[in-house]
$ cat run25.cif   # mmCIF, C-alpha atoms and all ligand atoms
data_structure
#
loop_
_atom_site.label_atom_id
_atom_site.label_comp_id
_atom_site.auth_asym_id
_atom_site.auth_seq_id
_atom_site.Cartn_x
_atom_site.Cartn_y
_atom_site.Cartn_z
CA GLU A 1 6.82 -13.40 27.81
CA ALA A 2 4.44 -11.18 29.66
CA TRP A 3 3.14 -9.33 26.68
CA ALA A 4 0.18 -11.09 25.14
CA HIS A 5 0.46 -11.54 21.41
CA LYS A 6 -3.21 -11.13 20.81
CA VAL A 7 -4.14 -10.52 17.25
CA GLU A 8 -7.85 -10.86 17.58
CA PRO A 9 -9.17 -13.01 14.74
CA VAL A 10 -11.98 -10.63 13.86
CA VAL A 11 -10.62 -10.56 10.35
CA ASP A 12 -9.21 -13.94 9.45
CA SER A 13 -9.18 -13.87 5.69
CA ALA A 14 -9.22 -10.77 3.60
CA LEU A 15 -8.25 -9.55 0.21
CA TRP A 16 -6.43 -6.33 -0.22
CA TRP A 17 -4.20 -5.04 -2.83
CA ARG A 18 -2.53 -2.15 -4.38
CA ALA A 19 -2.77 -1.14 -8.02
CA ASN A 20 0.36 -1.90 -10.01
CA LYS A 21 0.88 1.65 -11.06
CA VAL A 22 0.88 2.85 -7.48
CA LEU A 23 3.43 0.21 -6.63
CA GLU A 24 5.59 1.44 -9.47
CA ALA A 25 5.16 5.04 -8.39
CA ASN A 26 6.21 4.20 -4.87
CA ARG A 27 9.27 2.33 -6.07
CA GLY A 28 10.29 5.39 -8.04
CA GLU A 29 9.67 7.61 -5.06
CA SER A 30 11.73 5.55 -2.66
CA ARG A 31 14.55 5.43 -5.17
CA ALA A 32 14.42 9.18 -5.60
CA ASN A 33 14.58 9.66 -1.85
CA LYS A 34 17.80 7.71 -1.43
CA GLY A 35 20.59 9.95 -0.32
CA GLY A 36 18.22 12.78 0.55
CA ARG A 37 16.49 11.50 3.63
CA PRO A 38 18.18 10.03 6.66
CA VAL A 39 18.01 6.25 6.70
CA ALA A 40 14.91 5.13 8.52
CA SER A 41 15.19 2.71 11.39
CA PRO A 42 14.15 -0.81 10.39
CA ALA A 43 10.58 -0.66 11.66
CA ASN A 44 9.90 3.02 11.26
CA TRP A 45 6.69 2.13 9.43
CA ILE A 46 4.95 1.74 12.79
CA SER A 47 5.69 5.32 13.80
CA GLY A 48 2.65 7.60 13.71
CA ILE A 49 0.22 4.81 12.82
CA LEU A 50 -1.42 3.67 16.03
CA ASP A 51 -3.59 5.90 18.17
CA CYS A 52 -2.76 6.74 21.76
CA PRO A 53 -5.18 4.78 23.95
CA ALA A 54 -5.51 7.76 26.29
CA CYS A 55 -5.88 10.80 24.04
CA ALA A 56 -6.27 9.34 20.53
CA GLY A 57 -3.18 11.22 19.44
CA LYS A 58 -0.55 9.37 17.48
CA LEU A 59 2.03 6.97 18.89
CA TYR A 60 5.54 7.50 17.61
CA LEU A 61 8.51 5.21 17.61
CA ASN A 62 11.09 6.41 20.05
CA ALA A 63 14.37 4.72 19.22
CA GLY A 64 17.90 5.83 18.51
CA MET A 65 20.69 6.25 21.03
CA THR A 66 20.78 7.46 24.60
CA PRO A 67 22.51 10.85 24.94
CA ALA A 68 26.23 10.93 25.70
CA ARG A 69 26.68 12.63 29.06
CA HIS A 70 28.44 12.34 32.35
CA SER A 71 26.77 10.56 35.22
CA ARG A 72 26.79 12.01 38.73
CA THR A 73 29.86 9.95 39.54
CA GLY A 74 31.67 11.75 36.74
CA LYS A 75 32.09 8.62 34.65
CA PRO A 76 31.28 9.25 30.99
CA ARG A 77 28.27 7.38 29.75
CA VAL A 78 28.64 5.77 26.37
CA PRO A 79 25.55 6.23 24.17
CA LYS A 80 23.61 3.01 23.93
CA PRO A 81 20.74 1.99 21.65
CA ARG A 82 17.43 2.68 23.34
CA THR A 83 14.83 0.00 23.77
CA PRO A 84 12.39 1.17 21.11
CA LYS A 85 9.19 2.52 22.66
CA LEU A 86 5.89 3.65 21.29
CA ARG A 87 5.12 6.96 22.94
CA CYS A 88 2.28 9.42 22.65
CA GLY A 89 3.11 12.33 20.39
CA GLY A 90 -0.24 13.99 20.85
CA HIS A 91 -2.16 15.68 18.08
CA ALA A 92 -1.12 17.20 14.79
CA LYS A 93 1.49 19.90 14.90
CA ARG A 94 1.75 20.35 18.63
CA ARG A 95 3.43 16.98 19.09
CA LEU A 96 2.87 17.09 22.82
CA SER A 97 2.43 13.92 24.77
CA CYS A 98 -0.79 13.70 26.76
CA GLY A 99 1.25 12.35 29.66
CA GLU A 100 -1.40 9.78 30.52
CA PHE A 101 -0.12 7.00 28.32
CA THR A 102 3.45 6.39 29.37
CA GLY A 103 4.43 4.28 26.38
CA ILE A 104 5.11 0.60 25.76
CA ASP A 105 7.87 -1.47 24.27
CA ALA A 106 7.58 -1.18 20.52
CA GLN A 107 9.12 -4.50 19.56
CA PRO A 108 6.23 -6.81 20.52
CA VAL A 109 3.81 -4.55 18.64
CA ILE A 110 6.10 -4.47 15.62
CA ASP A 111 6.46 -8.26 15.74
CA VAL A 112 2.72 -8.89 15.88
CA VAL A 113 1.83 -6.49 13.09
CA ALA A 114 4.75 -7.58 10.90
CA GLY A 115 3.87 -11.24 11.51
CA MET A 116 0.32 -10.63 10.42
CA PHE A 117 1.42 -9.20 7.09
CA ALA A 118 4.43 -11.44 6.52
CA ASN A 119 2.30 -14.59 6.76
CA ASP A 120 -0.75 -13.50 4.80
CA THR A 121 -0.96 -15.52 1.60
CA THR A 122 -3.96 -13.57 0.31
CA GLU A 123 -3.51 -12.61 -3.29
CA ILE A 124 -3.01 -8.99 -4.24
CA LEU A 125 -5.52 -7.84 -6.81
CA ALA A 126 -5.27 -4.93 -9.19
CA PHE A 127 -8.07 -3.03 -10.82
CA GLN A 128 -7.84 -3.74 -14.52
CA ARG A 129 -9.82 -4.33 -17.69
CA VAL A 130 -11.07 -7.91 -17.78
CA ALA A 131 -13.30 -7.53 -20.86
CA GLY A 132 -13.80 -5.11 -23.72
CA ASN A 133 -12.20 -4.38 -27.09
CA ALA A 134 -12.90 -0.70 -27.70
CA HIS A 135 -9.18 -0.05 -27.40
CA GLU A 136 -8.60 -2.36 -30.39
CA LEU A 137 -10.96 -0.26 -32.49
CA ASP A 138 -9.04 2.84 -31.44
CA GLU A 139 -5.85 1.16 -32.59
CA LEU A 140 -7.41 0.32 -35.98
CA HIS A 141 -8.42 3.97 -36.47
CA ALA A 142 -4.95 5.12 -35.51
CA GLY A 143 -3.49 2.65 -38.02
CA LEU A 144 -5.78 3.99 -40.71
CA ARG A 145 -4.62 7.54 -40.05
CA LYS A 146 -1.01 6.43 -40.39
CA ILE A 147 -1.75 4.76 -43.73
CA GLN A 148 -3.45 7.93 -45.00
CA ALA A 149 -0.44 10.00 -44.01
CA ARG A 150 1.95 7.68 -45.81
CA LEU A 151 -0.34 7.59 -48.87
CA SER A 152 -0.20 11.34 -49.24
CA ALA A 153 3.56 11.39 -48.75
CA THR A 154 4.72 8.74 -51.21
CA GLU A 155 5.25 8.93 -54.98
CA ASP A 156 6.33 5.31 -55.27
CA ASP A 157 3.75 3.31 -57.26
CA ASP A 158 4.54 -0.01 -55.60
CA GLU A 159 4.25 1.53 -52.15
CA LEU A 160 0.97 3.19 -53.14
CA ASP A 161 -0.41 -0.20 -54.18
CA THR A 162 0.66 -1.77 -50.90
CA LEU A 163 -0.80 1.07 -48.85
CA VAL A 164 -4.12 1.00 -50.71
CA ALA A 165 -4.36 -2.75 -50.06
CA GLU A 166 -3.56 -2.18 -46.37
CA ARG A 167 -6.16 0.56 -46.16
CA LYS A 168 -8.76 -1.78 -47.65
CA THR A 169 -7.99 -4.44 -45.05
CA VAL A 170 -8.11 -2.02 -42.11
CA LYS A 171 -11.34 -0.40 -43.34
CA ALA A 172 -12.95 -3.82 -43.65
CA ARG A 173 -11.92 -4.70 -40.11
CA ILE A 174 -13.32 -1.41 -38.80
CA GLU A 175 -16.63 -1.97 -40.60
CA GLY A 176 -16.97 -5.49 -39.24
CA PHE A 177 -15.85 -4.59 -35.75
CA ALA A 178 -18.20 -5.77 -33.00
CA ILE A 179 -17.65 -3.68 -29.90
CA VAL A 180 -17.60 -5.47 -26.58
CA ALA A 181 -18.07 -3.01 -23.74
CA ASP A 182 -15.17 -2.50 -21.39
CA ARG A 183 -15.51 -4.11 -18.02
CA PHE A 184 -13.12 -3.49 -15.20
CA ASP A 185 -12.65 -5.67 -12.21
CA TYR A 186 -10.11 -6.72 -9.68
CA ALA A 187 -7.87 -9.44 -10.97
CA PRO A 188 -4.93 -11.23 -9.35
CA THR A 189 -1.50 -9.79 -9.84
CA GLY A 190 0.23 -13.04 -8.96
CA GLN A 191 1.67 -11.47 -5.82
CA THR A 192 0.60 -12.21 -2.26
CA VAL A 193 0.34 -9.86 0.67
CA ALA A 194 3.27 -11.66 2.28
CA GLN A 195 5.45 -11.26 -0.80
CA MET A 196 4.65 -7.58 -1.03
CA TRP A 197 5.40 -7.07 2.64
CA ASN A 198 8.63 -9.05 2.64
CA THR A 199 10.09 -7.27 -0.37
CA GLY A 200 8.67 -3.87 0.45
CA ASP A 201 10.47 -0.88 1.84
CA ASP A 202 9.45 1.19 4.84
CA THR A 203 7.16 3.46 2.82
CA LEU A 204 5.31 0.54 1.30
CA LYS A 205 4.91 -1.18 4.67
CA ARG A 206 3.59 2.00 6.23
CA GLY A 207 1.05 2.28 3.42
CA MET A 208 -0.11 -1.30 3.92
CA VAL A 209 -0.47 -0.91 7.67
CA ARG A 210 -2.22 2.42 7.34
CA ALA A 211 -4.64 0.95 4.78
CA VAL A 212 -5.63 -1.92 7.04
CA LYS A 213 -6.05 0.42 9.96
CA ALA A 214 -8.25 2.72 7.90
CA SER A 215 -10.52 -0.05 6.65
CA TRP A 216 -10.70 -2.57 9.47
CA GLY A 217 -9.37 -0.64 12.37
CA MET A 218 -6.15 -1.43 14.18
CA ALA A 219 -5.72 -0.36 17.75
CA LEU A 220 -3.74 -0.97 20.89
CA ALA A 221 -6.13 -2.69 23.24
CA GLU A 222 -5.65 -3.50 26.88
CA HIS A 223 -6.81 -6.89 27.98
CA ASP A 224 -6.12 -8.32 31.43
CA ARG A 225 -3.68 -5.45 31.96
CA GLN A 226 -1.65 -6.45 28.95
CA TRP A 227 -1.43 -4.63 25.66
CA GLY A 228 -2.38 -6.32 22.45
CA ILE A 229 -3.28 -5.39 18.93
CA ALA A 230 -6.96 -5.48 18.06
CA ILE A 231 -7.89 -5.75 14.40
CA GLY A 232 -11.39 -5.15 13.12
CA THR A 233 -12.30 -2.40 15.52
CA THR A 234 -14.26 -0.49 12.90
CA GLY A 235 -16.91 -1.49 10.41
CA GLN A 236 -18.81 -3.75 12.77
CA ASP A 237 -21.68 -1.31 12.89
CA ALA A 238 -21.68 -1.01 9.11
CA PRO A 239 -21.47 -4.56 7.78
CA GLU A 240 -22.50 -3.57 4.27
CA ARG A 241 -19.46 -1.35 4.08
CA ALA A 242 -17.21 -3.93 5.62
CA MET A 243 -18.22 -6.61 3.14
CA GLY A 244 -17.72 -4.63 -0.03
CA ILE A 245 -14.73 -3.44 -1.91
CA VAL A 246 -13.27 -0.44 -0.19
CA ASP A 247 -11.12 1.88 -2.19
CA LEU A 248 -8.80 3.55 0.22
CA GLY A 249 -7.48 6.02 -2.29
CA ASN A 250 -3.93 6.11 -3.53
CA GLY A 251 -4.62 2.82 -5.29
CA LEU A 252 -5.05 0.82 -2.12
CA CYS A 253 -8.08 -1.39 -1.86
CA PHE A 254 -9.22 -4.35 0.13
CA ARG A 255 -12.04 -6.84 0.20
CA ARG A 256 -13.13 -9.05 3.00
ZN ZN A 301 -1.81 10.44 24.37
#
$ encode --input "run25.cif" --output "structure tokens"
Amino acid sequence: EAWAHKVEPVVDSALWWRANKVLEANRGESRANKGGRPVASPANWISGILDCPACAGKLYLNAGMTPARHSRTGKPRVPKPRTPKLRCGGHAKRRLSCGEFTGIDAQPVIDVVAGMFANDTTEILAFQRVAGNAHELDELHAGLRKIQARLSATEDDDELDTLVAERKTVKARIEGFAIVADRFDYAPTGQTVAQMWNTGDDTLKRGMVRAVKASWGMALAEHDRQWGIAIGTTGQDAPERAMGIVDLGNGLCFRR
């Protein structure tokens, strides 16, 4: 195969994750979209992600079928599936190709990027409380309010006795409560990058690819007149940023 599968090992091991709630939100979203949107082609997640090497516009996946038309000989041409290509779609709304980058076969690019994610056993972490008990104190106060409400509503002597005893217990716990400050950190979700990728839909995959591109850089790079994918094209001039936790917004984070 002529195309070099070069995933440059600039980033060999990295942690990145998505908060659980964002995952849930996305699942809901993709469910809601079913029936509304046309079905995406299998690897549509790559479309609009990579930059055009010539003009820095966006590369879009050009797939689908060839048009049905008559050839010059008059024989009807049956529409055939196109070989998927990544083509320059230019900038923003204009969606005009720069014409300098003529496009490349999409499949090798899709295979390399998908392979990178599908084989990454790095654990997904979620931002969550790892210490702290202030929420327990809140619950005790809420419980106390409930007891007070029931006390003022009941006429039953036995119930009054029970509630007064309960109130005593809760008040004692509140008085003796030692607050431990909340601490939040990233903790494993039990899911790996590979698992997330392999079970994810197109929207989720696009989010993962976009996140990696935004934090490490992901670009088409020409090497010995062959195209490859270069990872880690940003951040090299800012190592302190590259080493820390980067919140990419939308719940996506990574650590390297
Ligand atoms: Zn271009």
$ closest_residue --input "run25.cif" --among "A:Leu125, A:Ala221, A:Ala230, A:Ile46" --to "Gly190 of chain A" --atoms "all atoms listed in the file"
A:Leu125
$ residues_near_ligand --input "run25.cif" --ligand "ligand ZN 301 (chain A)" --cutoff "7 Å" --atoms "only C-alpha atoms and all ligand atoms" --output "tab-separated table (two decimals) with C-alpha atoms, keeping the file's coordinate frame"
chain	number	residue	atom	x	y	z
A	52	CYS	CA	-2.76	6.74	21.76
A	53	PRO	CA	-5.18	4.78	23.95
A	54	ALA	CA	-5.51	7.76	26.29
A	55	CYS	CA	-5.88	10.80	24.04
A	56	ALA	CA	-6.27	9.34	20.53
A	57	GLY	CA	-3.18	11.22	19.44
A	88	CYS	CA	2.28	9.42	22.65
A	89	GLY	CA	3.11	12.33	20.39
A	90	GLY	CA	-0.24	13.99	20.85
A	97	SER	CA	2.43	13.92	24.77
A	98	CYS	CA	-0.79	13.70	26.76
A	99	GLY	CA	1.25	12.35	29.66
A	100	GLU	CA	-1.40	9.78	30.52
A	101	PHE	CA	-0.12	7.00	28.32
$ atom_distance --input "run25.cif" --atom1 "atom CA of Ile49 of chain A" --atom2 "atom CA of Arg210 of chain A"
6.5 Å
$ residues_around --input "run25.cif" --residues "Val170 of chain A" --least-positions-apart "3" --cutoff "8 Å" --atoms "only C-alpha atoms" --output "list in words"
Leu140, Gly143, Leu144, Glu166, Arg167, Arg173 and Ile174 of chain A
$ atom_distance --input "run25.cif" --atom1 "atom CA of Ile124 of chain A" --atom2 "atom CA of Thr192 of chain A"
5.2 Å
$ residues_around --input "run25.cif" --residues "segment 185-188 of chain A" --least-positions-apart "4" --cutoff "7 Å" --atoms "only C-alpha atoms" --output "mmCIF file with C-alpha atoms, keeping the file's coordinate frame"
data_model
loop_
_atom_site.group_PDB
_atom_site.id
_atom_site.type_symbol
_atom_site.label_atom_id
_atom_site.label_comp_id
_atom_site.auth_asym_id
_atom_site.auth_seq_id
_atom_site.Cartn_x
_atom_site.Cartn_y
_atom_site.Cartn_z
ATOM 1 C CA GLU A 123 -3.510 -12.610 -3.290
ATOM 2 C CA ILE A 124 -3.010 -8.990 -4.240
ATOM 3 C CA LEU A 125 -5.520 -7.840 -6.810
ATOM 4 C CA ALA A 126 -5.270 -4.930 -9.190
ATOM 5 C CA PHE A 127 -8.070 -3.030 -10.820
ATOM 6 C CA GLN A 128 -7.840 -3.740 -14.520
ATOM 7 C CA ARG A 129 -9.820 -4.330 -17.690
ATOM 8 C CA VAL A 130 -11.070 -7.910 -17.780
#
$ closest_residue --input "run25.cif" --among "A:Phe177, A:Trp45, A:Glu155, A:Glu136" --to "Gly207 of chain A" --atoms "only C-alpha atoms"
A:Trp45
$ atom_distance --input "run25.cif" --atom1 "atom CA of Ile104 of chain A" --atom2 "atom CA of Arg87 of chain A"
7.0 Å
$ axis_aligned_box --input "run25.cif" --around "segment 137-150 of chain A" --padding-each-side "4 Å" --output "JSON"
{"center_x": -4.5, "center_y": 4.9, "center_z": -38.6, "size_x": 20.9, "size_y": 18.3, "size_z": 22.4}
$ residues_around --input "run25.cif" --residues "segment 195-197 of chain A" --least-positions-apart "5" --cutoff "7 Å" --atoms "all atoms listed in the file" --output "MDAnalysis selection string"
chainID A and resid 117:118 205
$ closest_residue --input "run25.cif" --among "A:Ala211, A:Asp111, A:Thr122, A:Ala106" --to "Thr189 of chain A" --atoms "all atoms listed in the file"
A:Thr122
$ closest_residue --input "run25.cif" --among "A:Asn198, A:Asp51, A:Glu139, A:Ala92" --to "Asp120 of chain A" --atoms "only C-alpha atoms"
A:Asn198
$ residues_near_point --input "run25.cif" --point "(-15.7, -3.6, -23.8)" --cutoff "8 Å" --atoms "all atoms listed in the file" --output "CSV table (one decimal) with C-alpha atoms, in the frame of the given file"
chain,number,residue,atom,x,y,z
A,131,ALA,CA,-13.3,-7.5,-20.9
A,132,GLY,CA,-13.8,-5.1,-23.7
A,133,ASN,CA,-12.2,-4.4,-27.1
A,134,ALA,CA,-12.9,-0.7,-27.7
A,179,ILE,CA,-17.6,-3.7,-29.9
A,180,VAL,CA,-17.6,-5.5,-26.6
A,181,ALA,CA,-18.1,-3.0,-23.7
A,182,ASP,CA,-15.2,-2.5,-21.4
A,183,ARG,CA,-15.5,-4.1,-18.0
$ closest_residue --input "run25.cif" --among "A:Asn119, A:Thr102, A:Ser215, A:Ser152" --to "Lys85 of chain A" --atoms "only C-alpha atoms"
A:Thr102
$ closest_residue --input "run25.cif" --among "A:Asp201, A:Glu159, A:Ile229, A:Lys146" --to "Lys213 of chain A" --atoms "only C-alpha atoms"
A:Ile229
$ residues_around --input "run25.cif" --residues "Thr66 of chain A" --least-positions-apart "4" --cutoff "9 Å" --atoms "all atoms listed in the file" --output "ChimeraX atom specification"
/A:78-82
$ build_atoms --input "run25.cif" --residues "segment 69-80 of chain A" --atoms "all heavy atoms" --output "JSON list (two decimals), in the frame of the given file"
[["chain", "number", "residue", "atom", "x", "y", "z"],
["A", 69, "ARG", "N", 26.54, 11.63, 28.00],
["A", 69, "ARG", "CA", 26.68, 12.63, 29.06],
["A", 69, "ARG", "C", 27.42, 12.01, 30.23],
["A", 69, "ARG", "O", 27.65, 10.80, 30.27],
["A", 69, "ARG", "CB", 25.31, 13.14, 29.51],
["A", 69, "ARG", "CG", 24.43, 12.01, 30.01],
["A", 69, "ARG", "CD", 23.17, 12.53, 30.69],
["A", 69, "ARG", "NE", 22.41, 11.38, 31.15],
["A", 69, "ARG", "CZ", 21.14, 11.16, 30.83],
["A", 69, "ARG", "NH1", 20.51, 12.00, 30.05],
["A", 69, "ARG", "NH2", 20.53, 10.10, 31.27],
["A", 70, "HIS", "N", 27.74, 12.84, 31.18],
["A", 70, "HIS", "CA", 28.44, 12.34, 32.35],
["A", 70, "HIS", "C", 27.45, 12.04, 33.46],
["A", 70, "HIS", "O", 26.53, 12.80, 33.69],
["A", 70, "HIS", "CB", 29.48, 13.36, 32.83],
["A", 70, "HIS", "CG", 30.60, 13.52, 31.85],
["A", 70, "HIS", "ND1", 31.72, 12.74, 31.87],
["A", 70, "HIS", "CD2", 30.73, 14.34, 30.77],
["A", 70, "HIS", "CE1", 32.50, 13.08, 30.88],
["A", 70, "HIS", "NE2", 31.93, 14.05, 30.19],
["A", 71, "SER", "N", 27.64, 10.91, 34.10],
["A", 71, "SER", "CA", 26.77, 10.56, 35.22],
["A", 71, "SER", "C", 27.20, 11.37, 36.44],
["A", 71, "SER", "O", 28.19, 12.10, 36.41],
["A", 71, "SER", "CB", 26.88, 9.07, 35.51],
["A", 71, "SER", "OG", 28.20, 8.78, 35.97],
["A", 72, "ARG", "N", 26.46, 11.25, 37.52],
["A", 72, "ARG", "CA", 26.79, 12.01, 38.73],
["A", 72, "ARG", "C", 28.16, 11.63, 39.28],
["A", 72, "ARG", "O", 28.81, 12.43, 39.93],
["A", 72, "ARG", "CB", 25.72, 11.75, 39.81],
["A", 72, "ARG", "CG", 24.50, 12.63, 39.59],
["A", 72, "ARG", "CD", 23.52, 12.49, 40.74],
["A", 72, "ARG", "NE", 22.17, 12.76, 40.27],
["A", 72, "ARG", "CZ", 21.11, 12.05, 40.60],
["A", 72, "ARG", "NH1", 21.23, 11.02, 41.42],
["A", 72, "ARG", "NH2", 19.93, 12.35, 40.12],
["A", 73, "THR", "N", 28.56, 10.39, 39.04],
["A", 73, "THR", "CA", 29.86, 9.95, 39.54],
["A", 73, "THR", "C", 31.00, 10.49, 38.68],
["A", 73, "THR", "O", 32.16, 10.30, 39.02],
["A", 73, "THR", "CB", 29.95, 8.41, 39.55],
["A", 73, "THR", "OG1", 29.76, 7.94, 38.21],
["A", 73, "THR", "CG2", 28.91, 7.80, 40.46],
["A", 74, "GLY", "N", 30.64, 11.18, 37.60],
["A", 74, "GLY", "CA", 31.67, 11.75, 36.74],
["A", 74, "GLY", "C", 32.15, 10.81, 35.66],
["A", 74, "GLY", "O", 32.93, 11.21, 34.80],
["A", 75, "LYS", "N", 31.67, 9.57, 35.70],
["A", 75, "LYS", "CA", 32.09, 8.62, 34.65],
["A", 75, "LYS", "C", 31.32, 8.90, 33.36],
["A", 75, "LYS", "O", 30.10, 9.07, 33.40],
["A", 75, "LYS", "CB", 31.79, 7.18, 35.11],
["A", 75, "LYS", "CG", 33.02, 6.48, 35.68],
["A", 75, "LYS", "CD", 32.66, 5.18, 36.38],
["A", 75, "LYS", "CE", 32.33, 4.07, 35.41],
["A", 75, "LYS", "NZ", 31.98, 2.82, 36.13],
["A", 76, "PRO", "N", 32.02, 9.00, 32.25],
["A", 76, "PRO", "CA", 31.28, 9.25, 30.99],
["A", 76, "PRO", "C", 30.38, 8.07, 30.62],
["A", 76, "PRO", "O", 30.77, 6.92, 30.80],
["A", 76, "PRO", "CB", 32.38, 9.42, 29.95],
["A", 76, "PRO", "CG", 33.58, 8.76, 30.54],
["A", 76, "PRO", "CD", 33.45, 8.82, 32.03],
["A", 77, "ARG", "N", 29.20, 8.42, 30.19],
["A", 77, "ARG", "CA", 28.27, 7.38, 29.75],
["A", 77, "ARG", "C", 28.37, 7.23, 28.24],
["A", 77, "ARG", "O", 28.21, 8.21, 27.51],
["A", 77, "ARG", "CB", 26.83, 7.74, 30.12],
["A", 77, "ARG", "CG", 26.48, 7.31, 31.53],
["A", 77, "ARG", "CD", 25.00, 7.50, 31.76],
["A", 77, "ARG", "NE", 24.70, 7.33, 33.17],
["A", 77, "ARG", "CZ", 23.80, 8.04, 33.83],
["A", 77, "ARG", "NH1", 23.13, 8.98, 33.21],
["A", 77, "ARG", "NH2", 23.58, 7.81, 35.10],
["A", 78, "VAL", "N", 28.57, 6.04, 27.81],
["A", 78, "VAL", "CA", 28.64, 5.77, 26.37],
["A", 78, "VAL", "C", 27.20, 5.67, 25.85],
["A", 78, "VAL", "O", 26.37, 5.02, 26.47],
["A", 78, "VAL", "CB", 29.40, 4.45, 26.11],
["A", 78, "VAL", "CG1", 29.47, 4.15, 24.62],
["A", 78, "VAL", "CG2", 30.79, 4.51, 26.72],
["A", 79, "PRO", "N", 26.92, 6.35, 24.72],
["A", 79, "PRO", "CA", 25.55, 6.23, 24.17],
["A", 79, "PRO", "C", 25.22, 4.78, 23.83],
["A", 79, "PRO", "O", 26.06, 4.06, 23.29],
["A", 79, "PRO", "CB", 25.62, 7.08, 22.89],
["A", 79, "PRO", "CG", 26.79, 7.96, 23.07],
["A", 79, "PRO", "CD", 27.77, 7.23, 23.94],
["A", 80, "LYS", "N", 24.05, 4.38, 24.21],
["A", 80, "LYS", "CA", 23.61, 3.01, 23.93],
["A", 80, "LYS", "C", 22.30, 3.06, 23.14],
["A", 80, "LYS", "O", 21.55, 4.01, 23.26],
["A", 80, "LYS", "CB", 23.35, 2.25, 25.24],
["A", 80, "LYS", "CG", 24.61, 1.88, 26.00],
["A", 80, "LYS", "CD", 24.29, 1.05, 27.22],
["A", 80, "LYS", "CE", 23.49, 1.84, 28.24],
["A", 80, "LYS", "NZ", 23.33, 1.15, 29.52]]
